[in-house]
$ cat run_14.cif   # mmCIF, C-alpha atoms
data_run
#
loop_
_atom_site.group_PDB
_atom_site.id
_atom_site.type_symbol
_atom_site.label_atom_id
_atom_site.label_comp_id
_atom_site.auth_asym_id
_atom_site.auth_seq_id
_atom_site.Cartn_x
_atom_site.Cartn_y
_atom_site.Cartn_z
ATOM 1 C CA MET A 30 65.013 156.972 316.400
ATOM 2 C CA ALA A 31 67.415 157.783 313.575
ATOM 3 C CA LEU A 32 66.512 160.398 311.046
ATOM 4 C CA ASN A 33 65.707 158.950 307.688
ATOM 5 C CA GLU A 34 68.505 159.528 305.200
ATOM 6 C CA GLN A 35 66.349 161.654 302.896
ATOM 7 C CA THR A 36 65.638 164.220 305.591
ATOM 8 C CA LYS A 37 68.892 164.054 307.545
ATOM 9 C CA ILE A 38 70.437 167.486 308.016
ATOM 10 C CA ASN A 39 74.148 167.890 307.266
ATOM 11 C CA LEU A 40 75.349 169.735 310.365
ATOM 12 C CA GLY A 41 78.851 170.031 308.924
ATOM 13 C CA ARG A 42 77.637 172.364 306.195
ATOM 14 C CA LEU A 43 76.393 174.780 308.868
ATOM 15 C CA ILE A 44 79.771 175.207 310.565
ATOM 16 C CA THR A 45 83.068 176.574 309.263
ATOM 17 C CA ALA A 46 86.258 177.109 311.243
ATOM 18 C CA GLN A 47 85.433 180.847 311.326
ATOM 19 C CA ARG A 48 82.298 180.002 313.315
ATOM 20 C CA VAL A 49 83.940 177.700 315.867
ATOM 21 C CA LEU A 50 85.064 178.959 319.246
ATOM 22 C CA VAL A 51 87.285 176.955 321.551
ATOM 23 C CA ALA A 52 86.012 178.875 324.552
ATOM 24 C CA PRO A 53 88.346 180.362 327.107
ATOM 25 C CA GLU A 54 87.627 179.769 330.767
ATOM 26 C CA GLY A 55 85.460 182.319 332.532
ATOM 27 C CA LEU A 56 82.589 182.879 330.103
ATOM 28 C CA ASP A 57 79.047 182.335 331.312
ATOM 29 C CA LYS A 58 76.163 180.980 329.229
ATOM 30 C CA ASP A 59 74.836 184.410 328.212
ATOM 31 C CA SER A 60 78.314 185.611 327.165
ATOM 32 C CA LEU A 61 78.800 182.475 325.081
ATOM 33 C CA ILE A 62 75.458 183.044 323.364
ATOM 34 C CA GLU A 63 76.356 186.664 322.641
ATOM 35 C CA THR A 64 79.734 185.649 321.199
ATOM 36 C CA LEU A 65 78.248 182.909 319.023
ATOM 37 C CA VAL A 66 75.491 185.210 317.743
ATOM 38 C CA ARG A 67 78.125 187.761 316.669
ATOM 39 C CA MET A 68 80.058 184.993 314.896
ATOM 40 C CA ALA A 69 76.918 183.727 313.147
ATOM 41 C CA CYS A 70 75.768 187.241 312.175
ATOM 42 C CA ARG A 71 79.019 187.914 310.320
ATOM 43 C CA GLN A 72 77.565 185.660 307.637
ATOM 44 C CA CYS A 73 74.447 187.878 307.425
ATOM 45 C CA PRO A 74 75.468 191.532 307.781
ATOM 46 C CA ARG A 75 71.849 192.713 307.565
ATOM 47 C CA LEU A 76 71.147 191.078 310.946
ATOM 48 C CA ASP A 77 71.653 193.142 314.089
ATOM 49 C CA PRO A 78 73.641 190.971 316.534
ATOM 50 C CA ALA A 79 72.198 192.820 319.544
ATOM 51 C CA GLU A 80 68.619 192.173 318.420
ATOM 52 C CA VAL A 81 69.328 188.529 317.617
ATOM 53 C CA THR A 82 71.099 188.034 320.966
ATOM 54 C CA ALA A 83 68.105 189.515 322.781
ATOM 55 C CA GLN A 84 65.783 187.179 320.885
ATOM 56 C CA VAL A 85 67.863 184.088 321.718
ATOM 57 C CA LEU A 86 68.252 185.077 325.384
ATOM 58 C CA GLU A 87 64.518 185.715 325.678
ATOM 59 C CA ARG A 88 63.836 182.246 324.324
ATOM 60 C CA GLU A 89 66.345 180.767 326.786
ATOM 61 C CA LYS A 90 64.379 182.257 329.697
ATOM 62 C CA GLY A 91 61.460 179.980 328.882
ATOM 63 C CA ILE A 92 62.932 176.512 328.690
ATOM 64 C CA SER A 93 66.487 175.317 328.927
ATOM 65 C CA THR A 94 68.051 174.114 325.703
ATOM 66 C CA THR A 95 70.817 172.291 327.585
ATOM 67 C CA LEU A 96 70.614 168.524 327.322
ATOM 68 C CA ASP A 97 71.914 166.060 329.907
ATOM 69 C CA THR A 98 74.697 165.134 327.464
ATOM 70 C CA GLY A 99 76.307 168.576 327.935
ATOM 71 C CA LEU A 100 75.062 170.014 324.644
ATOM 72 C CA ALA A 101 73.352 173.411 324.752
ATOM 73 C CA ILE A 102 71.297 174.351 321.695
ATOM 74 C CA PRO A 103 70.309 178.006 321.939
ATOM 75 C CA HIS A 104 68.322 178.883 318.841
ATOM 76 C CA ALA A 105 65.762 181.252 317.399
ATOM 77 C CA ARG A 106 63.680 181.760 314.304
ATOM 78 C CA VAL A 107 64.799 185.058 312.768
ATOM 79 C CA GLU A 108 63.149 187.256 310.175
ATOM 80 C CA GLY A 109 65.309 188.155 307.193
ATOM 81 C CA LEU A 110 67.201 184.870 306.920
ATOM 82 C CA ASP A 111 67.076 182.737 303.791
ATOM 83 C CA ASP A 112 68.853 179.721 305.283
ATOM 84 C CA PHE A 113 70.216 178.402 308.555
ATOM 85 C CA VAL A 114 73.141 180.148 310.219
ATOM 86 C CA ALA A 115 75.110 178.533 313.042
ATOM 87 C CA ALA A 116 78.133 178.826 315.307
ATOM 88 C CA LEU A 117 79.677 176.317 317.697
ATOM 89 C CA ALA A 118 81.580 176.604 320.970
ATOM 90 C CA VAL A 119 83.618 173.807 322.514
ATOM 91 C CA LEU A 120 84.184 174.307 326.234
ATOM 92 C CA PRO A 121 87.260 172.507 327.589
ATOM 93 C CA VAL A 122 86.233 173.909 331.000
ATOM 94 C CA PRO A 123 82.483 173.381 331.331
ATOM 95 C CA VAL A 124 80.065 176.182 332.097
ATOM 96 C CA THR A 125 77.374 175.432 334.646
ATOM 97 C CA GLU A 126 73.882 176.521 333.786
ATOM 98 C CA GLU A 127 72.883 177.559 337.291
ATOM 99 C CA ARG A 128 69.114 177.572 336.810
ATOM 100 C CA HIS A 129 69.010 173.907 335.829
ATOM 101 C CA ASN A 130 72.324 172.770 337.347
ATOM 102 C CA LYS A 131 73.592 171.316 334.074
ATOM 103 C CA SER A 132 77.124 171.427 332.699
ATOM 104 C CA ILE A 133 77.588 172.781 329.201
ATOM 105 C CA ARG A 134 80.475 171.194 327.264
ATOM 106 C CA VAL A 135 79.432 172.174 323.734
ATOM 107 C CA MET A 136 77.122 174.948 322.573
ATOM 108 C CA PHE A 137 75.612 174.830 319.094
ATOM 109 C CA LEU A 138 73.768 178.066 318.362
ATOM 110 C CA PHE A 139 71.612 178.146 315.282
ATOM 111 C CA LEU A 140 69.296 180.635 313.691
ATOM 112 C CA SER A 141 66.638 179.581 311.242
ATOM 113 C CA PRO A 142 64.471 181.565 308.852
ATOM 114 C CA ASP A 143 61.138 182.599 310.329
ATOM 115 C CA LYS A 144 59.259 181.142 307.389
ATOM 116 C CA PRO A 145 56.683 178.347 307.451
ATOM 117 C CA ALA A 146 58.684 176.346 304.910
ATOM 118 C CA PHE A 147 61.534 176.071 307.434
ATOM 119 C CA PHE A 148 59.571 174.902 310.457
ATOM 120 C CA GLN A 149 60.003 171.191 309.691
ATOM 121 C CA LYS A 150 63.673 171.699 308.802
ATOM 122 C CA HIS A 151 64.148 173.566 312.112
ATOM 123 C CA LEU A 152 62.861 170.494 313.946
ATOM 124 C CA GLN A 153 65.139 168.278 311.844
ATOM 125 C CA VAL A 154 68.176 170.341 312.870
ATOM 126 C CA LEU A 155 67.225 169.901 316.539
ATOM 127 C CA ALA A 156 66.836 166.149 316.016
ATOM 128 C CA ALA A 157 70.157 165.888 314.145
ATOM 129 C CA LEU A 158 71.933 167.760 316.943
ATOM 130 C CA ALA A 159 70.518 165.483 319.630
ATOM 131 C CA GLU A 160 71.433 162.415 317.578
ATOM 132 C CA THR A 161 74.970 163.564 316.694
ATOM 133 C CA PHE A 162 76.147 165.165 319.918
ATOM 134 C CA GLN A 163 76.201 162.084 322.105
ATOM 135 C CA PRO A 164 78.686 161.871 325.026
ATOM 136 C CA GLY A 165 81.424 160.098 323.013
ATOM 137 C CA PHE A 166 81.278 162.641 320.197
ATOM 138 C CA ILE A 167 81.292 165.549 322.651
ATOM 139 C CA GLN A 168 84.299 164.029 324.414
ATOM 140 C CA GLU A 169 86.071 163.709 321.070
ATOM 141 C CA LEU A 170 85.415 167.382 320.260
ATOM 142 C CA LEU A 171 86.811 168.390 323.648
ATOM 143 C CA THR A 172 90.178 166.878 322.704
ATOM 144 C CA LEU A 173 90.418 169.197 319.692
ATOM 145 C CA ASN A 174 91.805 172.639 320.467
ATOM 146 C CA ASP A 175 91.719 174.061 316.971
ATOM 147 C CA PRO A 176 88.604 175.504 315.275
ATOM 148 C CA GLN A 177 89.600 173.974 311.924
ATOM 149 C CA ALA A 178 89.898 170.505 313.451
ATOM 150 C CA VAL A 179 86.496 170.880 315.139
ATOM 151 C CA ALA A 180 84.844 171.993 311.892
ATOM 152 C CA GLU A 181 86.466 169.122 309.967
ATOM 153 C CA ARG A 182 85.350 166.579 312.568
ATOM 154 C CA LEU A 183 81.773 167.805 312.376
ATOM 155 C CA SER A 184 81.890 167.476 308.579
ATOM 156 C CA ARG A 185 82.768 163.773 308.658
#
$ encode --input "run_14.cif" --output "structure tokens"
Amino acid sequence: MALNEQTKINLGRLITAQRVLVAPEGLDKDSLIETLVRMACRQCPRLDPAEVTAQVLEREKGISTTLDTGLAIPHARVEGLDDFVAALAVLPVPVTEERHNKSIRVMFLFLSPDKPAFFQKHLQVLAALAETFQPGFIQELLTLNDPQAVAERLSR
């Protein structure tokens, strides 16, 4: 089901080239999450990247956020945020999530404010990610080896 245009989240506004990683080979899922959290936290210096990483990793222990399409969506609701913060990794060489035997091709980490007013928007971001990051779009991103090109493609 498509999101209605009034509530559709603009994922492109969440990502800049400075928060895109074309991941080198050899990183595991936890290392990718840690790297993306550090990238996202640069936008919010009052956040402690170690604390946020621990929060995201703890959430990941519960239920996998990796979809069959190859998109992983690690996320957390974080106190002290006023708006969403995100970072994106494109993985030319996929990372296997051992616990669920799924291949990760793209990882979109996002942090949302831990405020009741953002709960519905948090769900809308998840829905927009699932709708946008279909296999063809993921494959297209994998052909781009430049963070600027990835950010621009997401903004279209």
$ residues_around --input "run_14.cif" --residues "region 69-82 of chain A" --least-positions-apart "5" --cutoff "9 Å" --atoms "all atoms listed in the file" --output "CSV table (one decimal) with C-alpha atoms, keeping the file's coordinate frame"
chain,number,residue,atom,x,y,z
A,48,ARG,CA,82.3,180.0,313.3
A,59,ASP,CA,74.8,184.4,328.2
A,62,ILE,CA,75.5,183.0,323.4
A,63,GLU,CA,76.4,186.7,322.6
A,64,THR,CA,79.7,185.6,321.2
A,87,GLU,CA,64.5,185.7,325.7
A,105,ALA,CA,65.8,181.3,317.4
A,107,VAL,CA,64.8,185.1,312.8
A,108,GLU,CA,63.1,187.3,310.2
A,109,GLY,CA,65.3,188.2,307.2
A,110,LEU,CA,67.2,184.9,306.9
A,114,VAL,CA,73.1,180.1,310.2
A,115,ALA,CA,75.1,178.5,313.0
A,116,ALA,CA,78.1,178.8,315.3
A,138,LEU,CA,73.8,178.1,318.4
A,139,PHE,CA,71.6,178.1,315.3
A,140,LEU,CA,69.3,180.6,313.7
$ atom_distance --input "run_14.cif" --atom1 "CA of Phe113 (chain A)" --atom2 "CA of Leu155 (chain A)"
12.0 Å
$ atom_distance --input "run_14.cif" --atom1 "CA of Val154 (chain A)" --atom2 "CA of Ile38 (chain A)"
6.1 Å
$ resolve_selection --input "run_14.cif" --expression "the PyMOL selection byres ((chain A and resi 135) around 8)" --output "list in words"
Gly99, Leu100, Ala101, Leu117, Ala118, Val119, Leu120, Ile133, Arg134, Met136, Phe137 and Ile167 of chain A
$ atom_distance --input "run_14.cif" --atom1 "CA of Gly55 (chain A)" --atom2 "CA of Lys131 (chain A)"
16.3 Å
$ closest_residue --input "run_14.cif" --among "A:Leu152, A:Pro123, A:Lys90, A:Arg185" --to "Gln168 (chain A)" --atoms "only C-alpha atoms"
A:Pro123
$ closest_residue --input "run_14.cif" --among "A:Asp112, A:Glu169, A:Glu89, A:Gln177" --to "Lys150 (chain A)" --atoms "only C-alpha atoms"
A:Asp112
